[in-house]
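Enquirer: Input structure.cif, format and content: mmCIF, C-alpha atoms and all ligand atoms.
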data_my_file
#
loop_
_atom_site.label_atom_id
_atom_site.label_comp_id
_atom_site.auth_asym_id
_atom_site.auth_seq_id
_atom_site.Cartn_x
_atom_site.Cartn_y
_atom_site.Cartn_z
CA MET E 1 115.14 211.88 56.56
CA GLU E 2 117.60 209.22 57.66
CA LEU E 3 116.12 209.31 61.16
CA THR E 4 112.60 208.90 59.78
CA ASP E 5 113.78 205.87 57.80
CA ARG E 6 115.31 204.32 60.90
CA ILE E 7 112.17 204.95 62.95
CA ASN E 8 110.05 203.43 60.18
CA GLY E 9 112.40 200.42 60.08
CA MET E 10 112.05 199.97 63.83
CA LEU E 11 108.27 200.27 63.64
CA ASP E 12 108.22 197.60 60.91
CA LEU E 13 110.27 195.27 63.11
CA LEU E 14 107.95 195.89 66.07
CA GLN E 15 104.93 195.29 63.88
CA GLN E 16 106.43 191.99 62.65
CA ALA E 17 107.24 190.88 66.21
CA PHE E 18 103.70 191.79 67.28
CA GLU E 19 102.21 189.83 64.36
CA ARG E 20 104.40 186.81 65.16
CA GLN E 21 103.19 186.96 68.76
CA GLU E 22 99.56 187.26 67.63
CA ASN E 23 99.98 184.30 65.23
CA PHE E 24 101.57 182.26 67.97
CA VAL E 25 98.72 182.91 70.41
CA SER E 26 96.13 182.12 67.77
CA ASP E 27 97.94 178.91 66.65
CA ALA E 28 98.37 177.77 70.27
CA SER E 29 94.70 178.45 71.05
CA HIS E 30 93.66 176.51 67.98
CA GLU E 31 95.80 173.52 68.98
CA LEU E 32 94.24 173.50 72.46
CA LYS E 33 90.70 174.11 71.25
CA THR E 34 90.64 170.94 69.15
CA PRO E 35 91.15 168.43 72.01
CA LEU E 36 88.95 170.58 74.25
CA SER E 37 86.03 170.38 71.85
CA VAL E 38 86.47 166.60 71.48
CA ILE E 39 86.43 166.27 75.30
CA ALA E 40 83.33 168.48 75.54
CA GLY E 41 81.63 166.42 72.81
CA TYR E 42 82.26 163.12 74.59
CA ALA E 43 81.25 164.54 77.98
CA ASN E 44 77.96 165.51 76.37
CA LEU E 45 77.54 162.05 74.88
CA LEU E 46 78.24 160.50 78.30
CA ARG E 47 75.70 162.76 79.98
CA ARG E 48 72.97 161.78 77.53
CA TRP E 49 73.54 158.07 76.92
CA GLY E 50 76.68 156.95 78.70
CA LYS E 51 74.98 155.83 81.90
CA ASP E 52 72.90 153.20 80.10
CA ASP E 53 75.16 152.19 77.24
CA PRO E 54 78.46 150.52 78.26
CA LYS E 55 79.84 150.81 74.70
CA ILE E 56 79.37 154.60 74.68
CA LEU E 57 80.77 154.76 78.20
CA ASP E 58 83.95 152.89 77.19
CA GLU E 59 84.45 154.85 73.99
CA SER E 60 83.94 158.20 75.72
CA VAL E 61 86.26 157.47 78.62
CA GLU E 62 88.90 156.26 76.17
CA ALA E 63 88.59 159.40 74.01
CA ILE E 64 88.58 161.78 76.97
CA SER E 65 91.68 160.18 78.36
CA ARG E 66 93.47 160.26 74.97
CA GLU E 67 92.58 163.90 74.34
CA SER E 68 93.62 165.01 77.82
CA GLU E 69 97.00 163.32 77.19
CA ASN E 70 97.23 165.30 73.95
CA MET E 71 96.44 168.53 75.78
CA LYS E 72 99.00 167.77 78.44
CA ARG E 73 101.66 167.19 75.79
CA ILE E 74 100.80 170.46 74.01
CA VAL E 75 100.85 172.44 77.27
CA ASP E 76 104.17 170.83 78.31
CA GLN E 77 105.70 171.74 74.95
CA LEU E 78 104.34 175.29 75.10
CA LEU E 79 105.89 175.66 78.56
CA TRP E 80 109.20 174.39 77.21
CA LEU E 81 109.10 176.96 74.42
CA ALA E 82 108.25 179.76 76.85
CA LYS E 83 111.04 178.68 79.22
CA LEU E 84 113.61 178.51 76.44
CA GLY E 85 112.96 182.18 75.64
CA ASN E 86 114.83 183.25 78.78
CA PHE E 87 116.85 180.23 79.73
CA SER E 88 120.44 180.20 80.80
CA LEU E 89 122.44 177.04 80.16
CA ASN E 90 123.46 175.03 83.17
CA ASN E 91 126.72 173.65 81.82
CA THR E 92 128.59 170.63 83.17
CA VAL E 93 131.15 168.28 81.67
CA PHE E 94 129.68 164.85 81.00
CA ASN E 95 130.18 161.75 78.87
CA LEU E 96 127.68 162.07 76.02
CA TYR E 97 127.66 158.37 75.14
CA GLU E 98 126.66 157.40 78.70
CA ILE E 99 123.81 159.91 78.75
CA VAL E 100 122.46 158.79 75.36
CA SER E 101 122.97 155.15 76.32
CA ASP E 102 120.71 155.67 79.37
CA ILE E 103 118.08 157.28 77.14
CA VAL E 104 118.26 154.39 74.66
CA ASP E 105 118.02 151.78 77.47
CA GLY E 106 114.85 153.54 78.69
CA TYR E 107 113.29 153.29 75.23
CA LYS E 108 114.32 149.65 74.83
CA MET E 109 112.52 148.81 78.04
CA THR E 110 109.25 150.41 77.01
CA ASN E 111 109.38 149.88 73.26
CA THR E 112 109.96 146.39 71.98
CA LYS E 113 108.36 147.02 68.60
CA HIS E 114 111.30 148.91 67.10
CA ASP E 115 114.91 147.84 66.88
CA ILE E 116 116.68 150.74 68.64
CA SER E 117 120.47 150.82 68.87
CA LEU E 118 123.33 153.13 69.79
CA SER E 119 126.82 153.10 68.28
CA GLY E 120 129.82 155.35 67.95
CA ASP E 121 132.53 156.96 70.03
CA ALA E 122 132.04 156.09 73.71
CA SER E 123 134.66 158.60 74.85
CA VAL E 124 132.96 161.79 73.63
CA THR E 125 132.47 164.35 76.39
CA LEU E 126 130.57 167.62 76.21
CA ASP E 127 130.55 170.76 78.32
CA THR E 128 126.96 171.87 78.02
CA ASP E 129 123.49 171.58 79.55
CA LYS E 130 122.83 167.87 80.13
CA ASN E 131 119.07 168.22 80.64
CA LEU E 132 118.61 170.15 77.43
CA ILE E 133 120.65 167.70 75.37
CA THR E 134 118.58 164.89 76.88
CA GLU E 135 115.38 166.69 75.89
CA ALA E 136 116.61 167.25 72.32
CA VAL E 137 117.71 163.62 71.83
CA ARG E 138 114.47 162.30 73.37
CA THR E 139 112.39 164.44 71.02
CA LEU E 140 114.23 163.06 67.99
CA VAL E 141 113.95 159.44 69.18
CA ASP E 142 110.25 159.97 70.00
CA ASN E 143 109.73 161.21 66.45
CA ALA E 144 111.73 158.37 64.93
CA ILE E 145 109.45 155.94 66.80
CA LYS E 146 106.26 157.84 65.95
CA TYR E 147 106.99 158.07 62.22
CA THR E 148 108.40 154.57 61.72
CA PRO E 149 105.96 151.68 61.40
CA PRO E 150 106.80 149.06 64.03
CA GLN E 151 107.14 146.12 61.65
CA SER E 152 110.84 146.04 60.76
CA GLY E 153 111.30 149.56 62.14
CA VAL E 154 114.98 150.24 62.78
CA ILE E 155 116.26 153.30 64.67
CA LYS E 156 120.00 153.92 64.79
CA ILE E 157 121.58 156.51 67.02
CA ASN E 158 125.21 157.38 66.52
CA ILE E 159 127.71 159.60 68.31
CA ALA E 160 130.86 160.74 66.51
CA ARG E 161 133.63 163.25 66.84
CA GLY E 162 134.03 165.46 63.76
CA ALA E 163 137.06 167.66 62.99
CA ASP E 164 135.73 170.54 65.08
CA SER E 165 132.40 169.22 66.34
CA VAL E 166 130.49 166.47 68.07
CA VAL E 167 127.83 164.86 65.90
CA ILE E 168 124.74 163.06 67.20
CA SER E 169 122.58 161.42 64.54
CA ILE E 170 119.23 159.69 64.85
CA ALA E 171 118.26 157.69 61.76
CA ASP E 172 115.09 155.73 61.07
CA ASN E 173 113.68 153.73 58.18
CA GLY E 174 110.21 155.21 58.54
CA VAL E 175 107.83 157.26 56.40
CA GLY E 176 110.40 159.92 55.45
CA ILE E 177 109.84 163.62 54.74
CA SER E 178 109.34 165.21 51.32
CA GLU E 179 111.62 168.03 50.18
CA ALA E 180 108.72 170.52 50.40
CA ASP E 181 107.99 169.51 54.00
CA ARG E 182 111.66 169.51 54.97
CA ALA E 183 111.70 173.27 54.38
CA HIS E 184 109.09 173.76 57.14
CA ILE E 185 109.40 171.03 59.76
CA PHE E 186 111.35 173.21 62.20
CA GLU E 187 108.60 175.86 62.17
CA ARG E 188 106.18 176.09 65.09
CA PHE E 189 103.04 173.93 64.74
CA TYR E 190 104.11 172.50 61.38
CA ARG E 191 102.99 168.92 60.71
CA CYS E 192 103.51 167.11 57.42
CA ASP E 193 100.34 165.07 57.81
CA LYS E 194 97.78 167.38 59.40
CA VAL E 195 95.08 164.78 60.05
CA ARG E 196 97.11 161.69 61.01
CA GLY E 197 99.52 163.90 62.94
CA ARG E 198 96.85 165.07 65.34
CA GLU E 199 95.49 161.56 65.80
CA GLN E 200 99.02 160.43 66.70
CA GLY E 201 99.16 163.16 69.33
CA SER E 202 101.61 165.42 67.54
CA CYS E 203 101.37 169.19 67.54
CA GLY E 204 104.38 170.31 65.55
CA LEU E 205 106.41 171.78 68.41
CA GLY E 206 109.00 169.07 69.07
CA LEU E 207 111.43 170.04 66.32
CA THR E 208 111.01 173.76 67.10
CA ILE E 209 112.06 173.05 70.69
CA CYS E 210 114.92 170.85 69.50
CA LYS E 211 116.22 173.53 67.13
CA SER E 212 116.01 176.23 69.83
CA ILE E 213 117.99 174.01 72.22
CA VAL E 214 120.70 173.20 69.69
CA GLU E 215 121.02 176.83 68.60
CA MET E 216 121.24 178.01 72.22
CA MET E 217 124.29 175.75 72.45
CA GLY E 218 125.76 177.34 69.35
CA GLY E 219 125.09 174.16 67.35
CA ARG E 220 123.23 173.22 64.22
CA ILE E 221 120.47 170.73 63.41
CA SER E 222 119.74 169.36 59.97
CA VAL E 223 117.79 166.58 58.31
CA GLU E 224 118.34 164.20 55.42
CA SER E 225 115.37 162.19 54.25
CA GLU E 226 113.81 160.21 51.47
CA PRO E 227 110.04 159.69 51.46
CA GLY E 228 109.20 156.05 52.04
CA LYS E 229 112.78 155.19 53.03
CA GLY E 230 113.45 157.10 56.24
CA SER E 231 114.97 160.17 57.87
CA LYS E 232 118.17 161.10 59.60
CA PHE E 233 118.36 164.05 62.00
CA ILE E 234 121.83 165.38 62.71
CA ILE E 235 122.86 167.57 65.65
CA GLU E 236 126.28 169.19 65.39
CA LEU E 237 127.76 170.85 68.46
CA PHE E 238 130.93 172.92 68.06
P1 LIG S 301 105.21 166.59 66.08
O1 LIG S 301 105.92 165.29 65.87
O2 LIG S 301 104.74 166.78 67.49
O3 LIG S 301 104.17 166.86 65.04
P2 LIG S 301 107.66 167.92 65.40
O4 LIG S 301 107.94 169.38 65.39
O5 LIG S 301 108.54 167.07 66.23
O6 LIG S 301 106.19 167.80 65.88
O7 LIG S 301 107.70 167.40 63.91
C1 LIG S 301 107.09 168.16 62.87
C2 LIG S 301 106.67 167.24 61.74
O8 LIG S 301 107.82 166.70 61.09
C3 LIG S 301 105.88 166.04 62.21
O9 LIG S 301 104.50 166.32 62.31
C4 LIG S 301 106.18 165.00 61.15
O10 LIG S 301 105.28 165.15 60.08
C5 LIG S 301 107.57 165.37 60.67
N1 LIG S 301 108.61 164.49 61.26
C6 LIG S 301 109.38 164.75 62.35
N2 LIG S 301 110.25 163.74 62.58
C7 LIG S 301 110.02 162.82 61.62
C8 LIG S 301 110.61 161.54 61.30
N3 LIG S 301 111.58 161.01 62.03
N4 LIG S 301 110.12 160.89 60.22
C9 LIG S 301 109.13 161.42 59.45
N5 LIG S 301 108.54 162.62 59.70
C10 LIG S 301 108.98 163.31 60.77
#
Rewrite the structure of this file - the entire thing - as C-alpha cells.
Ligand code: ADP

Expert:
Amino acid sequence: MELTDRINGMLDLLQQAFERQENFVSDASHELKTPLSVIAGYANLLRRWGKDDPKILDESVEAISRESENMKRIVDQLLWLAKLGNFSLNNTVFNLYEIVSDIVDGYKMTNTKHDISLSGDASVTLDTDKNLITEAVRTLVDNAIKYTPPQSGVIKINIARGADSVVISIADNGVGISEADRAHIFERFYRCDKVRGREQGSCGLGLTICKSIVEMMGGRISVESEPGKGSKFIIELF
C-alpha cells in the first residue's frame, strides 16, 4: 500500500513535469509565431504592392526589421534559459562596484533620455560568476529603462553591504507594478501589459532568467513597487 502511494506520488510529479514542459513548448512556440506571422504578412504585402509603392516598401521593411529583432531577443532569452538548466558557475573574485559602474557607463553612452546613476559602497567584492551577475543587472536596468517614460525618468542603482549579504538595487520612477502583477512577474512569459509589452519587444523572460541566476548563486530577488510611482528590484547575495 505504502509502495503504491509512493509510486503514485512519483507518477504525479512526472506528470506535472511533463505538463510544465508541454506548456513551455507551447508558450515558446506562441511567442515565436506572433512575430513570424507579422513578418509573413509584410512579405506578402511587399510582394503584391511594395515594388510600386515606396510608402508600403518603407513600412514593410521597418516592420520586418523590428519583428526580426523581437524574434532574435526571444531566441536569445530562450537559449539563456536552456543554458541555465545545466550551468555551472564560473566563480572569480571581483569588485562589484567596478563591474556595475562599467555597465552603467555603457548605458549612459547609449541612453541620454534617462538619468541613470550608481551609488553605494565602492569596496564591495564578490566571489561569484561575473558574467551572470552582469546579465542579471543588465536585465533589470533594461527593464527600468523600458518601463520608465524618458521625460524625467530617473534610474538609481545602488550597491550596499548588509549584515550578512551584498545588496544590489535598481530603482526607477516609471509605470510601477500592481500587487496582483507582482505575484507573477517572475513567471515565464508573464507580461503585465500584454499588448504594449509585445510592441515594446518584451516577452516576459527577462525576470525569469534573472531569478534563476540569483537563485543559482544562493541569493534572493524581490521587488517593491507602487503603480504610477516606480519600482525597485533588489538582489541579495549571501
Ligand atoms: P519583459 O520585460 O521582456 O516582458 P520581464 O520578465 O523582464 O519580461 O518582465 C515581466 C513583466 O514585468 C514585464 O512585461 C513588465 O510588465 C513588468 N516589469 C518588469 N520590470 C519592470 C519595471 N522596472 N517597471 C514596471 N514593470 C516592470

Enquirer: For Val93 (chain E), please output as a ChimeraX atom specification all residues within 7 Å (counting only C-alpha atoms; exclusion window: fewer than 3 positions along the same chain).

Expert: /E:125-128

Enquirer: Those residues you just picked out, can you put them in a file as a PDB file, keeping the file's coordinate frame with C-alpha atoms?

Expert:
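Result file again_31.pdb:
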ATOM      1  CA  THR E 125     132.470 164.350  76.390  1.00  0.00           C
ATOM      2  CA  LEU E 126     130.570 167.620  76.210  1.00  0.00           C
ATOM      3  CA  ASP E 127     130.550 170.760  78.320  1.00  0.00           C
ATOM      4  CA  THR E 128     126.960 171.870  78.020  1.00  0.00           C
TER       5      THR E 128
END

Enquirer: Which is closer to ligand LIG 301 (chain S) than all the others in E:Ser212, E:Ser225, E:Ser152, E:Ser26, using all atoms listed in the file?

Expert: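 Checking each candidate against ligand LIG 301 (chain S), we get E:Ser225 as the closest.
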
Enquirer: Nearest to Gly206 (chain E): which of E:Asp193, E:Arg73, E:Gly120, E:Asn158 is it, counting all atoms listed in the file?

Expert: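 For Gly206 (chain E), the nearest of the candidates is E:Arg73.
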
Enquirer: Please return as a list in words the residues found within 6 Å of ligand LIG 301 (chain S), counting all atoms listed in the file.

Expert: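 Protein and nucleic-acid residues within 6 Å of ligand LIG 301 (chain S): Asn143, Ala144, Tyr147, Gly174, Val175, Gly176, Ile177, Ile185, Tyr190, Arg191, Cys192, Asp193, Gly197, Ser202, Cys203, Gly204, Leu205, Gly206, Leu207, Thr208 and Ser231 of chain E.
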
Enquirer: Using all atoms listed in the file, pick whichever of E:Asp52, E:Asn8, E:Trp80, E:Glu67 has the shortest atom-to-atom distance to Thr34 (chain E).

Expert: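 Smallest distance to Thr34 (chain E) is found for E:Glu67.
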
Enquirer: Quick one: residues within 12 Å of Ala63 (chain E), all atoms listed in the file, excluding same-chain residues fewer than 6 positions away - as an MDAnalysis selection string?

Expert: chainID E and resid 35:43 45:46 56:57 69:70 199

Enquirer: Quick check, in Å to one decimal: how far apart do CA of Lys72 (chain E) and CA of Leu132 (chain E) lie?

Expert: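 Separation between CA of Lys72 (chain E) and CA of Leu132 (chain E): 19.8 Å.
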
Enquirer: Find the distance between CA of Lys130 (chain E) and CA of Ala183 (chain E) and write it in Å to one decimal.

Expert: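 Between these atoms lies a distance of 28.6 Å.
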
Enquirer: Work out how far apart CA of Ile234 (chain E) and CA of Asp129 (chain E) are and give it in Å to one decimal.

Expert: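 We find that CA of Ile234 (chain E) and CA of Asp129 (chain E) lie 18.0 Å from each other.
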
Enquirer: Could you check which of E:Pro150, E:His184, E:Leu78, E:Ile99 is closest to Asp27 (chain E), using only C-alpha atoms?

Expert: E:Leu78

Enquirer: Would you pick out the contacts of Lys108 (chain E) at 12 Å or less, using all atoms listed in the file, so that residues sharing its chain but fewer than 5 positions from it are not included, and give the list as a PDB file with C-alpha atoms, in the coordinates of the input?

Expert:
ATOM      1  CA  SER E 101     122.970 155.150  76.320  1.00  0.00           C
ATOM      2  CA  ASP E 102     120.710 155.670  79.370  1.00  0.00           C
ATOM      3  CA  ILE E 103     118.080 157.280  77.140  1.00  0.00           C
ATOM      4  CA  LYS E 113     108.360 147.020  68.600  1.00  0.00           C
ATOM      5  CA  HIS E 114     111.300 148.910  67.100  1.00  0.00           C
ATOM      6  CA  ASP E 115     114.910 147.840  66.880  1.00  0.00           C
ATOM      7  CA  ILE E 116     116.680 150.740  68.640  1.00  0.00           C
ATOM      8  CA  SER E 117     120.470 150.820  68.870  1.00  0.00           C
ATOM      9  CA  LEU E 118     123.330 153.130  69.790  1.00  0.00           C
ATOM     10  CA  VAL E 141     113.950 159.440  69.180  1.00  0.00           C
ATOM     11  CA  ILE E 145     109.450 155.940  66.800  1.00  0.00           C
ATOM     12  CA  ILE E 155     116.260 153.300  64.670  1.00  0.00           C
TER      13      ILE E 155
END

Enquirer: So which one's closest to Ser169 (chain E), E:Ser65, E:Ser60, E:Gln77, E:Ser119? Using all atoms listed in the file, please.

Expert: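 Nearest to Ser169 (chain E): E:Ser119.
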
Enquirer: So that I can check the surroundings of Ser88 (chain E), please list as a list of chain:residue names every protein, DNA and RNA residue that reaches within 12 Å of it, counting all atoms listed in the file and ignoring chain neighbours fewer than 2 positions away.

Expert: E:Lys83, E:Leu84, E:Gly85, E:Asn86, E:Asn90, E:Asn91, E:Thr128, E:Asp129, E:Leu132, E:Ile213, E:Met216, E:Met217

Enquirer: Pick out the closest residue to Lys194 (chain E) from this set: E:Asp121, E:Glu31, E:Ala82, E:Ile64. Count only C-alpha atoms.

Expert: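 Of all the options, E:Glu31 lies closest to Lys194 (chain E).
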